[in-house]
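**Q** This is the content of structure-v7.cif (mmCIF, C-alpha atoms):
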```cif
data_model
#
loop_
_atom_site.group_PDB
_atom_site.id
_atom_site.type_symbol
_atom_site.label_atom_id
_atom_site.label_comp_id
_atom_site.auth_asym_id
_atom_site.auth_seq_id
_atom_site.Cartn_x
_atom_site.Cartn_y
_atom_site.Cartn_z
ATOM 1 C CA MET A 1451 20.113 55.321 -2.383
ATOM 2 C CA SER A 1452 19.906 53.244 0.778
ATOM 3 C CA SER A 1453 16.124 52.943 0.485
ATOM 4 C CA ALA A 1454 16.531 51.530 -3.018
ATOM 5 C CA ARG A 1455 19.100 49.087 -1.677
ATOM 6 C CA ASN A 1456 16.748 48.079 1.134
ATOM 7 C CA LYS A 1457 13.955 47.538 -1.371
ATOM 8 C CA MET A 1458 16.188 45.355 -3.506
ATOM 9 C CA ALA A 1459 17.255 43.362 -0.439
ATOM 10 C CA GLN A 1460 13.614 42.879 0.544
ATOM 11 C CA GLU A 1461 12.696 41.707 -2.956
ATOM 12 C CA LEU A 1462 15.613 39.299 -2.950
ATOM 13 C CA ALA A 1463 14.612 37.944 0.467
ATOM 14 C CA THR A 1464 11.009 37.480 -0.697
ATOM 15 C CA GLU A 1465 12.182 35.708 -3.847
ATOM 16 C CA GLN A 1466 14.458 33.426 -1.839
ATOM 17 C CA SER A 1467 11.722 32.557 0.665
ATOM 18 C CA GLN A 1468 9.491 31.664 -2.296
ATOM 19 C CA THR A 1469 12.091 29.438 -3.935
ATOM 20 C CA ILE A 1470 13.026 27.663 -0.688
ATOM 21 C CA LYS A 1471 9.422 26.551 -0.088
ATOM 22 C CA ILE A 1472 9.536 22.760 -0.503
ATOM 23 C CA PRO A 1473 6.326 20.941 -1.499
ATOM 24 C CA LEU A 1474 6.515 18.173 1.095
ATOM 25 C CA ALA A 1475 3.180 16.435 0.471
ATOM 26 C CA PRO A 1476 3.873 15.298 -3.123
ATOM 27 C CA ILE A 1477 7.425 14.313 -2.197
ATOM 28 C CA ILE A 1478 6.295 12.142 0.712
ATOM 29 C CA ALA A 1479 3.461 10.679 -1.380
ATOM 30 C CA ALA A 1480 5.970 9.910 -4.151
ATOM 31 C CA TRP A 1481 8.322 8.188 -1.711
ATOM 32 C CA LEU A 1482 5.625 6.125 0.014
ATOM 33 C CA ILE A 1483 3.850 5.007 -3.156
ATOM 34 C CA PRO A 1484 5.729 4.896 -6.471
ATOM 35 C CA GLY A 1485 3.902 7.362 -8.722
ATOM 36 C CA GLY A 1486 2.077 8.711 -5.663
ATOM 37 C CA GLY A 1487 3.479 12.207 -6.183
ATOM 38 C CA HIS A 1488 1.992 12.266 -9.669
ATOM 39 C CA LEU A 1489 -1.335 10.909 -8.437
ATOM 40 C CA TRP A 1490 -1.318 13.544 -5.658
ATOM 41 C CA GLN A 1491 -0.984 16.222 -8.348
ATOM 42 C CA ARG A 1492 -3.713 14.647 -10.472
ATOM 43 C CA ARG A 1493 -1.402 13.274 -13.148
ATOM 44 C CA TRP A 1494 -3.435 10.071 -13.113
ATOM 45 C CA GLY A 1495 -2.104 8.382 -16.234
ATOM 46 C CA ARG A 1496 1.566 8.948 -15.482
ATOM 47 C CA GLY A 1497 1.102 8.067 -11.807
ATOM 48 C CA ALA A 1498 -0.667 4.811 -12.630
ATOM 49 C CA LEU A 1499 1.995 3.816 -15.177
ATOM 50 C CA LEU A 1500 4.822 4.568 -12.753
ATOM 51 C CA LEU A 1501 3.088 2.634 -9.972
ATOM 52 C CA LEU A 1502 2.484 -0.327 -12.259
ATOM 53 C CA SER A 1503 6.061 -0.313 -13.584
ATOM 54 C CA ILE A 1504 7.886 0.002 -10.281
ATOM 55 C CA ALA A 1505 5.561 -2.310 -8.360
ATOM 56 C CA THR A 1506 5.967 -4.934 -11.104
ATOM 57 C CA LEU A 1507 9.751 -4.726 -10.863
ATOM 58 C CA PHE A 1508 9.672 -4.917 -7.065
ATOM 59 C CA VAL A 1509 7.224 -7.838 -6.947
ATOM 60 C CA ALA A 1510 9.191 -9.692 -9.637
ATOM 61 C CA GLY A 1511 12.330 -9.199 -7.534
ATOM 62 C CA VAL A 1512 10.611 -10.677 -4.495
ATOM 63 C CA ALA A 1513 9.196 -13.545 -6.566
ATOM 64 C CA MET A 1514 12.741 -14.323 -7.688
ATOM 65 C CA GLN A 1515 13.753 -14.429 -4.012
ATOM 66 C CA GLY A 1516 15.996 -11.394 -4.202
ATOM 67 C CA ARG A 1517 17.434 -10.321 -0.878
ATOM 68 C CA LEU A 1518 16.961 -7.012 0.924
ATOM 69 C CA PHE A 1519 20.049 -5.063 1.905
ATOM 70 C CA LYS A 1520 20.619 -4.373 5.592
ATOM 71 C CA LEU A 1521 21.624 -1.184 7.372
ATOM 72 C CA ALA A 1522 25.274 -1.812 8.206
ATOM 73 C CA PRO A 1523 27.256 1.415 8.769
ATOM 74 C CA ALA A 1524 30.552 -0.481 8.591
ATOM 75 C CA ASN A 1525 29.731 -1.732 5.104
ATOM 76 C CA LEU A 1526 29.229 1.129 2.644
ATOM 77 C CA VAL A 1527 27.920 -0.995 -0.233
ATOM 78 C CA GLU A 1528 25.389 -2.732 2.021
ATOM 79 C CA THR A 1529 24.237 0.605 3.446
ATOM 80 C CA LEU A 1530 23.850 2.190 0.000
ATOM 81 C CA GLY A 1531 21.859 -0.867 -1.061
ATOM 82 C CA PHE A 1532 19.660 -0.462 2.004
ATOM 83 C CA LEU A 1533 19.033 3.214 1.177
ATOM 84 C CA SER A 1534 18.115 2.274 -2.395
ATOM 85 C CA ASP A 1535 15.735 -0.419 -1.140
ATOM 86 C CA LEU A 1536 14.246 2.080 1.307
ATOM 87 C CA CYS A 1537 13.407 4.422 -1.577
ATOM 88 C CA SER A 1538 10.696 1.956 -2.654
ATOM 89 C CA GLY A 1539 8.657 3.325 0.251
ATOM 90 C CA LEU A 1540 5.701 1.286 1.468
ATOM 91 C CA LEU A 1541 6.594 -1.664 -0.770
ATOM 92 C CA PHE A 1542 9.862 -2.073 1.136
ATOM 93 C CA ILE A 1543 8.383 -1.294 4.553
ATOM 94 C CA ALA A 1544 5.516 -3.758 4.040
ATOM 95 C CA LEU A 1545 7.936 -6.452 2.923
ATOM 96 C CA LYS A 1546 10.108 -5.837 5.978
ATOM 97 C CA PHE A 1547 7.069 -6.201 8.247
ATOM 98 C CA THR A 1548 6.183 -9.557 6.718
ATOM 99 C CA GLY A 1549 9.565 -10.844 7.910
ATOM 100 C CA TYR A 1550 10.654 -11.649 4.370
ATOM 101 C CA ASP A 1551 14.079 -13.269 4.396
ATOM 102 C CA PRO A 1552 15.092 -15.521 1.500
ATOM 103 C CA GLY A 1553 18.382 -16.325 3.230
ATOM 104 C CA GLU A 1554 21.517 -16.802 1.197
ATOM 105 C CA LEU A 1555 21.385 -16.509 -2.585
ATOM 106 C CA GLY A 1556 20.234 -20.039 -3.307
ATOM 107 C CA ALA A 1557 17.859 -19.708 -6.227
ATOM 108 C CA PRO A 1558 19.522 -19.174 -9.618
ATOM 109 C CA MET A 1559 17.484 -16.035 -10.295
ATOM 110 C CA ALA A 1560 17.934 -14.579 -6.794
ATOM 111 C CA ASP A 1561 20.747 -12.283 -7.878
ATOM 112 C CA TYR A 1562 18.503 -10.824 -10.564
ATOM 113 C CA GLY A 1563 15.800 -10.448 -7.917
ATOM 114 C CA THR A 1564 18.126 -8.499 -5.636
ATOM 115 C CA LYS A 1565 18.954 -6.090 -8.464
ATOM 116 C CA PHE A 1566 15.278 -5.746 -9.399
ATOM 117 C CA ILE A 1567 14.382 -4.678 -5.838
ATOM 118 C CA LEU A 1568 17.365 -2.306 -5.759
ATOM 119 C CA VAL A 1569 16.535 -0.707 -9.110
ATOM 120 C CA ALA A 1570 12.850 -0.348 -8.167
ATOM 121 C CA GLY A 1571 13.999 1.943 -5.335
ATOM 122 C CA LEU A 1572 16.338 3.906 -7.600
ATOM 123 C CA LEU A 1573 13.633 4.362 -10.234
ATOM 124 C CA ASN A 1574 11.360 5.677 -7.505
ATOM 125 C CA VAL A 1575 13.974 8.366 -6.789
ATOM 126 C CA LEU A 1576 13.440 9.546 -10.383
ATOM 127 C CA CYS A 1577 9.691 9.597 -9.740
ATOM 128 C CA ILE A 1578 10.197 11.649 -6.561
ATOM 129 C CA LEU A 1579 12.351 14.181 -8.436
ATOM 130 C CA ASP A 1580 9.821 14.355 -11.273
ATOM 131 C CA ALA A 1581 6.977 14.906 -8.791
ATOM 132 C CA TYR A 1582 9.046 17.689 -7.195
ATOM 133 C CA ASP A 1583 9.611 19.335 -10.591
ATOM 134 C CA ILE A 1584 5.870 19.237 -11.275
ATOM 135 C CA ALA A 1585 5.088 20.643 -7.823
ATOM 136 C CA ILE A 1586 7.378 23.658 -8.269
ATOM 137 C CA GLY A 1587 6.050 24.276 -11.771
ATOM 138 C CA LYS A 1588 9.258 23.404 -13.580
ATOM 139 C CA LYS A 1589 7.448 20.662 -15.512
ATOM 140 C CA ASN A 1590 3.858 20.083 -16.510
ATOM 141 C CA MET B 1292 7.971 -17.044 -11.419
ATOM 142 C CA ILE B 1293 10.561 -15.796 -13.887
ATOM 143 C CA GLN B 1294 13.027 -18.570 -14.695
ATOM 144 C CA SER B 1295 14.841 -17.335 -17.767
ATOM 145 C CA HIS B 1296 17.548 -14.695 -17.999
ATOM 146 C CA LEU B 1297 16.048 -13.372 -21.230
ATOM 147 C CA THR B 1298 12.614 -12.857 -19.659
ATOM 148 C CA ALA B 1299 14.185 -11.117 -16.676
ATOM 149 C CA ALA B 1300 16.269 -8.866 -18.946
ATOM 150 C CA LEU B 1301 13.207 -8.014 -21.065
ATOM 151 C CA LEU B 1302 11.115 -7.178 -17.987
ATOM 152 C CA PHE B 1303 13.919 -5.018 -16.625
ATOM 153 C CA SER B 1304 14.272 -3.217 -19.974
ATOM 154 C CA LEU B 1305 10.525 -2.663 -20.250
ATOM 155 C CA VAL B 1306 10.106 -1.164 -16.786
ATOM 156 C CA THR B 1307 13.274 0.936 -16.829
ATOM 157 C CA SER B 1308 12.511 2.345 -20.286
ATOM 158 C CA ALA B 1309 8.964 3.210 -19.220
ATOM 159 C CA VAL B 1310 10.088 5.092 -16.098
ATOM 160 C CA PHE B 1311 12.909 6.903 -17.936
ATOM 161 C CA ALA B 1312 10.531 7.950 -20.726
ATOM 162 C CA ILE B 1313 7.752 9.114 -18.392
ATOM 163 C CA THR B 1314 10.035 11.133 -16.130
ATOM 164 C CA GLY B 1315 12.388 12.410 -18.823
ATOM 165 C CA LYS B 1316 10.114 13.839 -21.498
ATOM 166 C CA GLU B 1317 7.423 16.500 -21.604
ATOM 167 C CA THR B 1318 4.760 15.395 -24.091
ATOM 168 C CA ASP B 1319 3.038 12.029 -24.554
ATOM 169 C CA ARG B 1320 4.387 11.682 -28.077
ATOM 170 C CA GLU B 1321 7.951 12.350 -26.929
ATOM 171 C CA ARG B 1322 7.499 9.850 -24.106
ATOM 172 C CA LEU B 1323 6.256 7.136 -26.439
ATOM 173 C CA LEU B 1324 9.087 7.654 -28.912
ATOM 174 C CA ASN B 1325 11.640 7.790 -26.108
ATOM 175 C CA PHE B 1326 10.220 4.585 -24.595
ATOM 176 C CA VAL B 1327 10.490 2.734 -27.924
ATOM 177 C CA TRP B 1328 14.027 4.053 -28.451
ATOM 178 C CA LEU B 1329 15.238 3.157 -24.952
ATOM 179 C CA PHE B 1330 13.605 -0.272 -24.959
ATOM 180 C CA SER B 1331 15.139 -1.089 -28.353
ATOM 181 C CA LEU B 1332 18.562 0.024 -27.156
ATOM 182 C CA PHE B 1333 18.270 -2.016 -23.947
ATOM 183 C CA VAL B 1334 17.330 -5.163 -25.858
ATOM 184 C CA ILE B 1335 19.898 -4.729 -28.635
ATOM 185 C CA VAL B 1336 22.750 -3.959 -26.234
ATOM 186 C CA THR B 1337 21.764 -6.839 -23.923
ATOM 187 C CA LEU B 1338 21.669 -9.334 -26.784
ATOM 188 C CA ALA B 1339 24.921 -8.018 -28.279
ATOM 189 C CA ALA B 1340 26.728 -8.121 -24.924
ATOM 190 C CA SER B 1341 25.386 -11.631 -24.236
ATOM 191 C CA TRP B 1342 26.708 -12.947 -27.557
ATOM 192 C CA LEU B 1343 30.057 -11.222 -27.012
ATOM 193 C CA MET B 1344 30.383 -12.856 -23.579
ATOM 194 C CA ASN B 1345 29.368 -16.169 -25.095
ATOM 195 C CA PHE B 1346 32.122 -15.909 -27.722
ATOM 196 C CA GLY B 1347 34.586 -14.779 -25.056
ATOM 197 C CA HIS B 1348 33.978 -17.940 -23.041
ATOM 198 C CA ARG B 1349 34.632 -20.331 -25.942
#
```
As a first step, turn the structure in this file into structure tokens.
**A**
Amino acid sequence: MSSARNKMAQELATEQSQTIKIPLAPIIAAWLIPGGGHLWQRRWGRGALLLLSIATLFVAGVAMQGRLFKLAPANLVETLGFLSDLCSGLLFIALKFTGYDPGELGAPMADYGTKFILVAGLLNVLCILDAYDIAIGKKN
Amino acid sequence: MIQSHLTAALLFSLVTSAVFAITGKETDRERLLNFVWLFSLFVIVTLAASWLMNFGHR
């Protein structure tokens, strides 16, 4: 009786250790480059389309002089905006390194630009989750 | 550079629909149909809401 219980416990532990295994490489690739998780897993067409879409939105946002959110723990909205921007991965990091700062919202389309940059990051979260689903075999 | 609200809204609709369709559906056919459906909805709702706001401001 106890041996059967031990066997069941072992099987459960094995199953759990298998399900907990997180595929880090595609997730990191997907965060750094929009569509990168799909490209990593040889989903070339989907990866290229996602990269093109999100990069277009991000670049359009910058062209419209949208602003980047800053990390400000005292301001929840600003911090959430920063986290969303950060989800664009290398696009955001590269832009930060260039010292991009459009200043106050002067241009008429700048508010649109800010939202474009923000949404590019949020859409990349969807790409990361999709890449994760593919990596664990939940999706093709 | 994008100067018109309509162009910006269309670009936003295009990109968002594409990403939703690619990540949300399983087959290429489903993705294409879902993209067309989402893009149409985005455009129709944007135009309808714009006209409503326009009438509201008169």
**Q** What does the PyMOL selection byres ((chain B) within 10 of (chain A)) select in this file, as a PyMOL selection string?
**A** chain B and resi 1292-1296+1299-1300+1302-1303+1305-1311+1313-1319
**Q** Let's have the selection written as an mmCIF file, keeping the file's coordinate frame, with C-alpha atoms.
**A**
```cif
data_model
loop_
_atom_site.group_PDB
_atom_site.id
_atom_site.type_symbol
_atom_site.label_atom_id
_atom_site.label_comp_id
_atom_site.auth_asym_id
_atom_site.auth_seq_id
_atom_site.Cartn_x
_atom_site.Cartn_y
_atom_site.Cartn_z
ATOM 1 C CA MET B 1292 7.971 -17.044 -11.419
ATOM 2 C CA ILE B 1293 10.561 -15.796 -13.887
ATOM 3 C CA GLN B 1294 13.027 -18.570 -14.695
ATOM 4 C CA SER B 1295 14.841 -17.335 -17.767
ATOM 5 C CA HIS B 1296 17.548 -14.695 -17.999
ATOM 6 C CA ALA B 1299 14.185 -11.117 -16.676
ATOM 7 C CA ALA B 1300 16.269 -8.866 -18.946
ATOM 8 C CA LEU B 1302 11.115 -7.178 -17.987
ATOM 9 C CA PHE B 1303 13.919 -5.018 -16.625
ATOM 10 C CA LEU B 1305 10.525 -2.663 -20.250
ATOM 11 C CA VAL B 1306 10.106 -1.164 -16.786
ATOM 12 C CA THR B 1307 13.274 0.936 -16.829
ATOM 13 C CA SER B 1308 12.511 2.345 -20.286
ATOM 14 C CA ALA B 1309 8.964 3.210 -19.220
ATOM 15 C CA VAL B 1310 10.088 5.092 -16.098
ATOM 16 C CA PHE B 1311 12.909 6.903 -17.936
ATOM 17 C CA ILE B 1313 7.752 9.114 -18.392
ATOM 18 C CA THR B 1314 10.035 11.133 -16.130
ATOM 19 C CA GLY B 1315 12.388 12.410 -18.823
ATOM 20 C CA LYS B 1316 10.114 13.839 -21.498
ATOM 21 C CA GLU B 1317 7.423 16.500 -21.604
ATOM 22 C CA THR B 1318 4.760 15.395 -24.091
ATOM 23 C CA ASP B 1319 3.038 12.029 -24.554
#
```
**Q** Could you work out how far atom CA of Leu1530 of chain A lies from atom CA of Val1334 of chain B, giving the answer in Å with one decimal?
**A**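 That distance, rounded to one decimal, is 27.7 Å.
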**Q** Hey, which of A:Asn1456, A:Thr1529, A:Thr1548, A:Ser1538 ends up closest to Pro1484 of chain A? Count only C-alpha atoms.
**A**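 Between A:Asn1456, A:Thr1529, A:Thr1548, A:Ser1538, the residue approaching Pro1484 of chain A most closely is A:Ser1538.
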**Q** I need the residue set behind the PyMOL selection byres ((chain A and resi 1542) around 12) for this file; please write it as number ranges by chain.
**A** A: 1481-1484, 1504-1505, 1508-1509, 1511-1512, 1517-1520, 1532-1541, 1543-1550, 1567-1568, 1570-1571, 1574
**Q** Can you tell me how far atom CA of Leu1297 of chain B sits from atom CA of Val1527 of chain A, in Å to one decimal?
**A** 27.1 Å
**Q** Could you please determine the separation between atom CA of Ile1472 of chain A and atom CA of Tyr1582 of chain A in Å, to one decimal place?
**A**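 Computed distance, atom CA of Ile1472 of chain A to atom CA of Tyr1582 of chain A, equals 8.4 Å.
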**Q** Using all atoms listed in the file, give me every residue within 12 Å of (21.3, -12.1, -23.3) in file coordinates, as a PyMOL selection string.
**A** chain B and resi 1295-1301+1304+1333-1345
